[in-house]
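Note: the block below is run-v5.txt and it holds compact mmCIF, C-alpha atoms.
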# COMPACT_ATOMS: atom_id res chain seq x y z
CA MET A 1 51.23 31.38 70.82
CA THR A 2 51.73 35.17 70.95
CA GLN A 3 48.97 37.24 69.38
CA SER A 4 49.67 40.71 70.76
CA PHE A 5 50.45 42.28 67.41
CA TYR A 6 46.92 41.59 66.19
CA HIS A 7 45.20 43.47 68.99
CA THR A 8 45.29 46.86 67.30
CA PHE A 9 43.36 45.59 64.33
CA LEU A 10 41.20 43.01 66.05
CA ALA A 11 39.92 45.00 69.04
CA GLY A 12 36.39 44.01 69.70
CA LEU A 13 36.33 41.27 67.04
CA VAL A 14 37.16 38.35 69.31
CA ALA A 15 34.25 39.18 71.58
CA ALA A 16 31.93 38.97 68.58
CA ILE A 17 33.09 35.48 67.58
CA VAL A 18 32.16 32.47 69.67
CA GLY A 19 32.64 28.73 69.36
CA VAL A 20 35.63 26.43 69.53
CA THR A 21 36.00 25.51 65.88
CA TRP A 22 33.39 26.43 63.35
CA CYS A 23 33.00 26.24 59.64
CA LEU A 24 30.92 28.44 57.37
CA ALA A 25 30.39 27.85 53.69
CA GLY A 26 28.29 29.13 50.81
CA THR A 27 28.21 28.76 47.08
CA MET A 28 28.62 31.71 44.78
CA HIS A 29 24.94 31.36 43.83
CA ALA A 30 21.81 31.62 45.90
CA ASN A 31 20.71 28.19 44.63
CA ASP A 32 21.13 25.68 41.83
CA ALA A 33 18.50 27.38 39.68
CA ASP A 34 20.49 30.62 39.73
CA ARG A 35 23.66 28.73 38.82
CA GLU A 36 21.98 27.08 35.86
CA ALA A 37 20.51 30.40 34.72
CA ALA A 38 23.89 32.09 34.90
CA ASN A 39 25.55 29.34 32.89
CA GLU A 40 22.76 28.79 30.35
CA GLY A 41 23.92 29.16 26.77
CA ARG A 42 27.56 29.52 27.80
CA ILE A 43 30.58 27.43 26.90
CA GLY A 44 31.35 25.51 30.07
CA SER A 45 30.21 26.04 33.62
CA ILE A 46 31.73 28.17 36.38
CA LEU A 47 31.52 27.20 40.04
CA MET A 48 32.92 29.13 42.99
CA HIS A 49 32.60 28.28 46.65
CA THR A 50 33.81 29.88 49.89
CA VAL A 51 34.70 28.27 53.21
CA LEU A 52 35.65 30.01 56.46
CA VAL A 53 37.13 28.14 59.42
CA GLU A 54 38.27 29.54 62.74
CA ASP A 55 40.47 27.32 64.91
CA GLN A 56 40.83 28.08 68.64
CA ASP A 57 42.59 24.82 69.53
CA ASP A 58 45.99 25.81 68.09
CA GLN A 59 45.68 23.13 65.40
CA PRO A 60 46.43 24.89 62.07
CA MET A 61 46.95 21.65 60.17
CA ALA A 62 43.56 20.34 61.27
CA ALA A 63 41.93 23.67 60.42
CA GLY A 64 43.46 23.62 56.94
CA GLU A 65 42.35 20.06 56.31
CA ALA A 66 38.82 20.76 57.56
CA ALA A 67 38.49 23.82 55.33
CA ALA A 68 39.82 21.93 52.31
CA ARG A 69 37.49 18.97 52.81
CA GLU A 70 34.49 21.26 53.14
CA LEU A 71 35.50 23.05 49.96
CA MET A 72 36.07 19.95 47.88
CA ALA A 73 32.82 18.39 49.05
CA ALA A 74 30.97 21.45 47.77
CA ILE A 75 32.82 21.57 44.44
CA GLY A 76 32.25 17.89 43.76
CA ASP A 77 33.26 16.68 40.30
CA ALA A 78 33.77 20.13 38.77
CA PRO A 79 37.35 20.51 37.52
CA LEU A 80 39.26 22.56 40.10
CA GLN A 81 41.15 25.51 38.62
CA ALA A 82 42.52 27.29 41.71
CA VAL A 83 42.05 27.76 45.44
CA LEU A 84 42.63 31.19 46.96
CA VAL A 85 43.76 31.25 50.61
CA SER A 86 43.38 34.05 53.16
CA GLU A 87 44.86 33.02 56.51
CA CYS A 88 45.69 34.63 59.83
CA PHE A 89 47.87 32.17 61.75
CA GLU A 90 50.95 33.60 63.43
CA ASP A 91 54.51 32.89 62.28
CA LEU A 92 55.84 30.65 59.54
CA PRO A 93 55.72 27.23 61.30
CA TRP A 94 51.97 27.62 61.91
CA LYS A 95 51.39 28.80 58.37
CA GLN A 96 53.32 25.86 56.96
CA GLN A 97 51.21 23.47 59.03
CA LEU A 98 48.08 25.14 57.70
CA LEU A 99 49.29 24.80 54.12
CA GLN A 100 50.17 21.17 54.77
CA GLY A 101 46.63 20.54 55.97
CA ILE A 102 45.12 22.20 52.91
CA GLY A 103 47.56 20.38 50.63
CA SER A 104 46.62 17.00 52.10
CA VAL A 105 43.24 17.39 50.36
CA ILE A 106 43.80 19.83 47.49
CA PRO A 107 46.58 19.50 44.89
CA LYS A 108 49.34 21.88 45.94
CA GLU A 109 49.76 23.28 42.46
CA ARG A 110 46.24 24.75 42.79
CA ILE A 111 46.86 26.59 46.11
CA PHE A 112 47.56 30.36 46.11
CA GLY A 113 46.98 33.23 48.51
CA SER A 114 48.49 35.34 51.26
CA SER A 115 48.73 36.04 54.95
CA THR A 116 46.08 38.57 56.00
CA TYR A 117 44.65 40.21 59.11
CA GLY A 118 41.53 38.05 58.94
CA SER A 119 38.78 37.00 56.57
CA PHE A 120 35.07 37.39 55.97
CA THR A 121 32.43 35.71 53.84
CA GLN A 122 28.70 36.29 53.47
CA ARG A 123 28.25 34.02 56.51
CA GLY A 124 30.56 35.73 59.01
CA THR A 125 33.97 37.12 59.95
CA ALA A 126 37.07 35.75 61.67
CA GLY A 127 40.38 37.20 62.83
CA PHE A 128 43.49 35.43 64.08
CA ASP A 129 43.82 31.64 63.85
CA SER A 130 41.47 31.49 60.87
CA VAL A 131 41.51 30.48 57.23
CA SER A 132 39.19 31.21 54.34
CA LEU A 133 39.27 29.41 51.00
CA LEU A 134 37.80 30.37 47.66
CA GLY A 135 37.50 27.51 45.21
CA ILE A 136 37.33 28.33 41.50
CA ALA A 137 36.15 25.41 39.40
CA GLY A 138 34.44 24.48 36.16
CA ASP A 139 35.33 24.17 32.49
CA GLY A 140 34.09 27.68 31.69
CA ILE A 141 36.97 29.39 33.50
CA SER A 142 40.73 28.96 33.51
CA VAL A 143 43.45 30.32 35.77
CA SER A 144 47.06 31.09 34.89
CA ALA A 145 49.46 31.80 37.78
CA ALA A 146 52.84 33.47 38.08
CA LEU A 147 55.33 34.13 40.89
CA VAL A 148 58.21 36.58 41.28
CA THR A 149 60.50 36.18 44.31
CA GLU A 150 63.25 38.35 45.79
CA MET A 151 61.66 41.67 44.83
CA GLU A 152 64.21 43.35 47.15
CA VAL A 153 61.76 45.89 48.53
CA ALA A 154 60.79 44.31 51.86
CA ARG A 155 63.52 46.08 53.82
CA LEU A 156 63.18 49.40 52.03
CA THR A 157 61.16 52.23 53.52
CA PHE A 158 59.04 54.42 51.29
CA GLU A 159 60.35 57.55 53.01
CA ASP A 160 64.03 56.76 52.33
CA SER A 161 63.93 54.73 49.11
CA GLU A 162 60.86 55.64 47.06
CA PRO A 163 62.70 55.98 43.71
CA LEU A 164 64.35 52.56 44.14
CA ILE A 165 61.06 50.97 45.25
CA LYS A 166 59.36 52.43 42.19
CA GLU A 167 62.04 51.10 39.85
CA ARG A 168 62.06 47.61 41.32
CA LEU A 169 58.30 47.18 41.58
CA HIS A 170 57.71 48.49 38.06
CA ALA A 171 60.12 45.78 36.89
CA VAL A 172 58.48 43.11 39.06
CA GLY A 173 55.00 44.00 37.82
CA LYS A 174 56.09 43.68 34.21
CA GLN A 175 58.02 40.45 34.86
CA LEU A 176 55.09 38.93 36.74
CA THR A 177 52.62 39.69 33.96
CA ASP A 178 54.95 38.47 31.23
CA LYS A 179 55.06 35.07 32.95
CA LEU A 180 51.30 34.56 32.66
CA GLN A 181 49.74 32.55 29.87
CA ARG A 182 47.53 35.10 28.12
CA THR A 183 44.38 34.53 26.05
CA ASP A 184 41.83 36.72 24.28
CA GLN A 185 39.39 35.82 27.09
CA ASP A 186 41.45 37.29 29.94
CA ARG A 187 38.97 39.01 32.26
CA LEU A 188 40.53 39.68 35.67
CA MET A 189 43.92 39.67 37.37
CA ILE A 190 44.22 38.97 41.10
CA LEU A 191 47.43 40.46 42.49
CA LEU A 192 48.81 39.40 45.89
CA ALA A 193 52.13 40.76 47.13
CA ASP A 194 54.46 41.47 50.01
CA ALA A 195 54.32 45.15 49.08
CA HIS A 196 52.19 47.10 51.53
CA SER A 197 50.70 50.51 50.81
CA PRO A 198 52.00 52.83 49.43
CA LYS A 199 54.50 50.47 47.75
CA ASN A 200 51.68 48.54 46.08
CA LYS A 201 50.85 51.39 43.71
CA TYR A 202 54.13 50.93 41.86
CA LEU A 203 53.59 47.18 41.50
CA VAL A 204 50.21 47.89 39.89
CA GLU A 205 51.80 50.44 37.55
CA GLY A 206 54.32 47.79 36.47
CA VAL A 207 51.52 45.37 35.65
CA GLN A 208 49.69 48.08 33.71
CA GLN A 209 52.73 48.57 31.51
CA VAL A 210 51.79 45.18 30.04
CA VAL A 211 48.00 44.88 30.34
CA GLY A 212 47.15 48.55 29.88
CA PRO A 213 45.56 51.12 32.22
CA ASP A 214 41.98 49.92 31.77
CA PHE A 215 42.39 46.19 32.50
CA PRO A 216 40.53 44.93 35.62
CA ILE A 217 42.88 44.11 38.50
CA THR A 218 42.10 43.47 42.15
CA GLY A 219 44.01 42.13 45.12
CA GLY A 220 45.78 43.02 48.31
CA SER A 221 49.06 43.24 50.18
CA ALA A 222 50.10 40.60 52.68
CA ASN A 223 50.01 41.30 56.41
CA LYS A 224 53.00 43.58 57.03
CA ASN A 225 53.71 42.64 60.66
CA ALA A 226 57.04 40.93 61.34
CA GLY A 227 56.86 37.23 60.57
CA GLN A 228 53.59 37.50 58.64
CA THR A 229 54.52 38.86 55.21
CA TYR A 230 53.95 35.74 53.12
CA VAL A 231 52.27 35.03 49.82
CA TYR A 232 51.46 31.48 48.75
CA PHE A 233 52.20 29.92 45.38
CA GLN A 234 51.44 26.28 44.66
CA GLY A 235 51.18 25.52 48.35
CA LYS A 236 54.48 27.11 49.44
CA ALA A 237 55.15 30.33 51.38
CA TYR A 238 57.30 33.14 49.98
CA ALA A 239 58.31 36.49 51.50
CA ASP A 240 59.36 39.59 49.53
CA SER A 241 57.41 38.11 46.61
CA ALA A 242 54.34 38.64 44.44
CA VAL A 243 51.73 36.32 42.94
CA ALA A 244 49.43 37.02 40.00
CA LEU A 245 46.42 34.97 38.92
CA MET A 246 44.82 35.64 35.55
CA LEU A 247 41.19 34.51 35.34
CA SER A 248 39.98 33.85 31.81
CA GLY A 249 36.69 32.68 30.35
CA ASP A 250 33.18 33.58 29.32
CA PHE A 251 32.25 35.85 32.22
CA GLN A 252 32.09 39.54 33.15
CA VAL A 253 33.51 41.61 35.99
CA SER A 254 32.43 44.87 37.62
CA LEU A 255 34.53 46.78 40.15
CA SER A 256 34.24 49.53 42.72
CA GLY A 257 36.49 51.04 45.38
CA ARG A 258 35.98 53.34 48.35
CA LYS A 259 38.26 55.04 50.89
CA ALA A 260 37.50 55.98 54.50
CA MET A 261 39.34 56.42 57.80
CA GLU A 262 36.61 57.01 60.42
CA ASN A 263 33.91 54.75 61.86
CA ASP A 264 30.77 56.12 60.19
CA GLN A 265 32.45 56.63 56.83
CA VAL A 266 34.03 53.17 56.88
CA ILE A 267 30.58 51.65 57.26
CA ALA A 268 28.90 53.91 54.70
CA THR A 269 31.61 53.51 52.05
CA ALA A 270 31.60 49.73 52.42
CA LYS A 271 27.89 49.60 51.74
CA ASP A 272 28.08 52.09 48.86
CA GLY A 273 31.04 50.38 47.21
CA ALA A 274 29.47 46.93 47.39
CA ALA A 275 26.17 48.24 46.05
CA GLU A 276 27.88 50.04 43.17
CA ALA A 277 29.89 46.99 42.08
CA LEU A 278 26.75 44.84 42.17
CA ALA A 279 24.69 47.43 40.26
CA LYS A 280 27.32 47.59 37.51
CA MET A 281 27.02 43.84 36.86
CA THR A 282 24.71 43.46 33.88
CA GLY A 283 24.66 39.65 34.06
CA GLN A 284 23.73 37.18 36.79
CA PRO A 285 26.22 37.64 39.68
CA LEU A 286 28.38 34.62 40.45
CA GLY A 287 30.10 36.04 43.52
CA VAL A 288 32.19 38.83 45.00
CA LEU A 289 35.84 39.37 45.91
CA ALA A 290 36.51 42.04 48.54
CA PHE A 291 39.97 43.22 49.53
CA ASN A 292 39.61 45.45 52.58
CA CYS A 293 42.03 47.54 54.61
CA ALA A 294 42.88 46.34 58.11
CA GLY A 295 43.29 50.00 59.08
CA ARG A 296 39.65 50.65 58.20
CA ARG A 297 38.59 47.88 60.56
CA GLY A 298 40.82 49.31 63.28
CA ARG A 299 38.80 52.56 63.15
CA LEU A 300 35.48 50.82 63.78
CA HIS A 301 33.77 50.88 67.16
CA ARG A 302 32.27 47.47 66.32
CA PRO A 303 34.18 45.60 63.59
CA GLU A 304 31.11 43.60 62.61
CA ASP A 305 29.29 46.79 61.56
CA GLU A 306 31.21 47.09 58.28
CA TRP A 307 30.57 43.45 57.46
CA THR A 308 26.88 43.94 58.17
CA ALA A 309 26.76 46.89 55.79
CA ILE A 310 28.47 44.89 53.06
CA ARG A 311 26.06 41.99 53.45
CA GLN A 312 23.09 44.35 53.37
CA ALA A 313 24.29 45.66 50.01
CA LEU A 314 25.07 42.25 48.50
CA GLY A 315 22.33 40.18 50.11
CA GLU A 316 22.69 37.23 52.43
CA ASP A 317 23.02 34.55 49.75
CA LEU A 318 25.51 35.97 47.25
CA ALA A 319 28.77 34.46 48.37
CA LEU A 320 31.69 36.68 49.29
CA PHE A 321 35.41 36.05 49.64
CA GLY A 322 36.87 38.91 51.67
CA CYS A 323 40.08 39.60 53.56
CA TYR A 324 41.80 42.41 55.47
CA CYS A 325 45.05 43.58 53.89
CA ALA A 326 47.96 46.02 54.29
CA GLY A 327 47.13 47.75 51.02
CA GLU A 328 44.52 47.13 48.36
CA VAL A 329 44.31 46.94 44.56
CA GLY A 330 41.25 48.04 42.62
CA PRO A 331 39.41 51.21 41.61
CA LEU A 332 40.44 54.15 43.76
CA ASP A 333 37.90 56.26 45.59
CA PRO A 334 36.04 58.57 43.15
CA SER A 335 37.84 61.54 44.71
CA GLU A 336 41.23 60.05 43.73
CA GLN A 337 40.60 58.45 40.35
CA VAL A 338 42.82 59.26 37.40
CA PRO A 339 41.02 59.61 34.03
CA GLY A 340 41.63 56.59 31.79
CA VAL A 341 43.07 54.46 34.61
CA LEU A 342 40.71 51.81 35.95
CA VAL A 343 42.58 50.64 39.06
CA GLY A 344 45.46 51.53 41.35
CA GLY A 345 47.25 50.38 44.46
CA SER A 346 46.44 52.22 47.65
CA GLY A 347 45.56 51.97 51.34
CA TRP A 348 42.48 52.72 53.47
CA HIS A 349 40.28 51.28 50.71
CA VAL A 350 37.81 48.47 50.31
CA MET A 351 37.86 47.03 46.77
CA PHE A 352 34.90 45.04 45.43
CA THR A 353 34.88 42.86 42.30
CA VAL A 354 31.72 41.08 41.15
CA LEU A 355 31.98 38.15 38.74
CA GLY A 356 28.94 37.36 36.63
CA ARG A 357 27.55 35.91 33.39

Would you write out, as structure tokens, the structure that this file holds?
Amino acid sequence: MTQSFYHTFLAGLVAAIVGVTWCLAGTMHANDADREAANEGRIGSILMHTVLVEDQDDQPMAAGEAAARELMAAIGDAPLQAVLVSECFEDLPWKQQLLQGIGSVIPKERIFGSSTYGSFTQRGTAGFDSVSLLGIAGDGISVSAALVTEMEVARLTFEDSEPLIKERLHAVGKQLTDKLQRTDQDRLMILLADAHSPKNKYLVEGVQQVVGPDFPITGGSANKNAGQTYVYFQGKAYADSAVALMLSGDFQVSLSGRKAMENDQVIATAKDGAAEALAKMTGQPLGVLAFNCAGRRGRLHRPEDEWTAIRQALGEDLALFGCYCAGEVGPLDPSEQVPGVLVGGSGWHVMFTVLGR
């Protein structure tokens, strides 16, 4: 199995990860008492759980099944709404085996996600041959999903075809959002696409034509290396496509984004951005989504340093679903923000979203 294309982004990471196959998991609450406090007086409960599995035996199907079983054991009887997948197995046959393993345990219609450059949770990080799952469950939250295929931008370069990319992705963003089932309790959109930075900014603008400039959106672009540019919708892989998940219910979100391109600033901005998003949450935090730039990690002397800074800001118990992308969606760095516009699509960013009640 060839892994040479990962080396630029994963330098130093492999040396920091040991073990043959390991599994790390944590709930979105420090303990059951916190969960009950967060849900007290609300209509329905909300449960989220993260699992991270690294497989070094070249067994993607087994890794997918192991991650799915760990996730479902933690969720228990809570009604499953969606499972978000971040995976870093090389080439489509391996990815399909991984999805088959996940789908042998979890209903395929609940499986969504994308190919990334690696994943991280509050318990650790992993690069190639790894999968992370976020389970969203409970009767206090609902998830509507939409897919648009054949965006016809994958082969276009931004330098040669920016006007055409803008036109097509504006249309895709609008079409994608129009497909979602909307409610008056819509709180957060997760946007995953084969549209790496700077293309992703036009996809976000298309979505905002429907939801408005101040609606919370987060997400990331699929790994842009050849053979890796897949998003996942109901357990199947699609290239040149985009997926949107609309999370609705009785909960709050707070967001923050930071940009950096050098080692010290990557670490500092990760810590500051995570701390800001957490500080903005007025309720009890349920968990954190983090869409991070693979380029940021490539500038680190020690890739684990950024993860350590994030965990210091969030604490060791608040669960985290993070992945490394080829372009991120969320609030831009304060130096780049546009008045009246909450989020954008960009690169070199880490985007944090805290869910709470």

Provide the CA of Pro79 (chain A) to CA of Ser142 (chain A) distance in Å, to one decimal place. 9.9 Å

Need to verify the contact set: Gln100 (chain A), 10 Å, all atoms listed in the file, exclusion of same-chain residues closer than 6 positions in sequence. Can you return it as a PyMOL selection string? chain A and resi 60-62+64-65+94+106+108+235-236

Save out the residues we just selected, C-alpha atoms, as a PDB file, in the frame of the given file.
ATOM      1  CA  PRO A  60      46.430  24.890  62.070  1.00  0.00           C
ATOM      2  CA  MET A  61      46.950  21.650  60.170  1.00  0.00           C
ATOM      3  CA  ALA A  62      43.560  20.340  61.270  1.00  0.00           C
ATOM      4  CA  GLY A  64      43.460  23.620  56.940  1.00  0.00           C
ATOM      5  CA  GLU A  65      42.350  20.060  56.310  1.00  0.00           C
ATOM      6  CA  TRP A  94      51.970  27.620  61.910  1.00  0.00           C
ATOM      7  CA  ILE A 106      43.800  19.830  47.490  1.00  0.00           C
ATOM      8  CA  LYS A 108      49.340  21.880  45.940  1.00  0.00           C
ATOM      9  CA  GLY A 235      51.180  25.520  48.350  1.00  0.00           C
ATOM     10  CA  LYS A 236      54.480  27.110  49.440  1.00  0.00           C
TER      11      LYS A 236
END

Close residues, Trp307 (chain A) itself excluded, 8 Å, only C-alpha atoms, min 5 positions apart in chain, as a ChimeraX atom specification: /A:120,124-125

Next, write the just-selected residues to a file, as a PDB file, keeping the file's coordinate frame, keeping C-alpha atoms as the atom set.
ATOM      1  CA  PHE A 120      35.070  37.390  55.970  1.00  0.00           C
ATOM      2  CA  GLY A 124      30.560  35.730  59.010  1.00  0.00           C
ATOM      3  CA  THR A 125      33.970  37.120  59.950  1.00  0.00           C
TER       4      THR A 125
END

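You can rank A:Glu205, A:Asp250, A:Asp333, A:Glu328 by their closest distance to Asn292 (chain A) using all atoms listed in the file, and at the top of that list sits A:Glu328.
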
CA of Gln122 (chain A) to CA of Cys293 (chain A): how many Å, to one decimal? 17.5 Å

Closest to Gly295 (chain A) among A:Tyr238, A:Tyr202, A:Tyr117, A:Phe112, using only C-alpha atoms?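 Ranking A:Tyr238, A:Tyr202, A:Tyr117, A:Phe112 by distance to Gly295 (chain A), first place goes to A:Tyr117.
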
Any idea what the distance is between CA of Gly219 (chain A) and CA of Phe291 (chain A)? 6.1 Å

Rank A:Asp184, A:Val343, A:Ala270, A:Ile141 by their smallest atom-to-atom distance to Phe215 (chain A), using all atoms listed in the file, and report the top residue only.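 With all atoms listed in the file as the atom set, the closest residue is A:Val343.
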
Extract, using all atoms listed in the file, all DNA, RNA and protein residues at most 12 Å from Met246 (chain A), discarding same-chain residues fewer than 5 positions from it, and format them as number ranges by chain. A: 81-82, 141-147, 176-192, 207, 211, 215-219

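Distance check against Ser256 (chain A) using all atoms listed in the file: of A:Val350, A:Leu300, A:Ala154, A:Ala222, the minimum falls on A:Val350.
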
Since the input has fewer atoms than a full residue there, write region 278-290 of chain A out with N, CA and C atoms, as an mmCIF file, in the frame of the given file.
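Here's the written file selection.cif:
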data_model
loop_
_atom_site.group_PDB
_atom_site.id
_atom_site.type_symbol
_atom_site.label_atom_id
_atom_site.label_comp_id
_atom_site.auth_asym_id
_atom_site.auth_seq_id
_atom_site.Cartn_x
_atom_site.Cartn_y
_atom_site.Cartn_z
ATOM 1 N N LEU A 278 27.837 45.752 42.518
ATOM 2 C CA LEU A 278 26.750 44.840 42.170
ATOM 3 C C LEU A 278 25.848 45.461 41.108
ATOM 4 N N ALA A 279 25.570 46.756 41.224
ATOM 5 C CA ALA A 279 24.690 47.430 40.260
ATOM 6 C C ALA A 279 25.306 47.475 38.870
ATOM 7 N N LYS A 280 26.633 47.531 38.797
ATOM 8 C CA LYS A 280 27.320 47.590 37.510
ATOM 9 C C LYS A 280 27.290 46.254 36.775
ATOM 10 N N MET A 281 27.028 45.150 37.488
ATOM 11 C CA MET A 281 27.020 43.840 36.860
ATOM 12 C C MET A 281 25.739 43.668 36.061
ATOM 13 N N THR A 282 25.873 43.579 34.748
ATOM 14 C CA THR A 282 24.710 43.460 33.880
ATOM 15 C C THR A 282 24.216 42.017 33.761
ATOM 16 N N GLY A 283 25.065 41.049 34.112
ATOM 17 C CA GLY A 283 24.660 39.650 34.060
ATOM 18 C C GLY A 283 24.229 39.142 35.422
ATOM 19 N N GLN A 284 24.060 37.826 35.516
ATOM 20 C CA GLN A 284 23.730 37.180 36.790
ATOM 21 C C GLN A 284 24.992 37.092 37.637
ATOM 22 N N PRO A 285 25.009 37.689 38.843
ATOM 23 C CA PRO A 285 26.220 37.640 39.680
ATOM 24 C C PRO A 285 26.584 36.218 40.078
ATOM 25 N N LEU A 286 27.860 35.903 39.999
ATOM 26 C CA LEU A 286 28.380 34.620 40.450
ATOM 27 C C LEU A 286 28.979 34.712 41.838
ATOM 28 N N GLY A 287 29.480 35.872 42.215
ATOM 29 C CA GLY A 287 30.100 36.040 43.520
ATOM 30 C C GLY A 287 30.929 37.301 43.577
ATOM 31 N N VAL A 288 31.498 37.564 44.749
ATOM 32 C CA VAL A 288 32.190 38.830 45.000
ATOM 33 C C VAL A 288 33.526 38.575 45.688
ATOM 34 N N LEU A 289 34.551 39.283 45.222
ATOM 35 C CA LEU A 289 35.840 39.370 45.910
ATOM 36 C C LEU A 289 35.900 40.732 46.589
ATOM 37 N N ALA A 290 36.381 40.768 47.823
ATOM 38 C CA ALA A 290 36.510 42.040 48.540
ATOM 39 C C ALA A 290 37.848 42.076 49.264
#
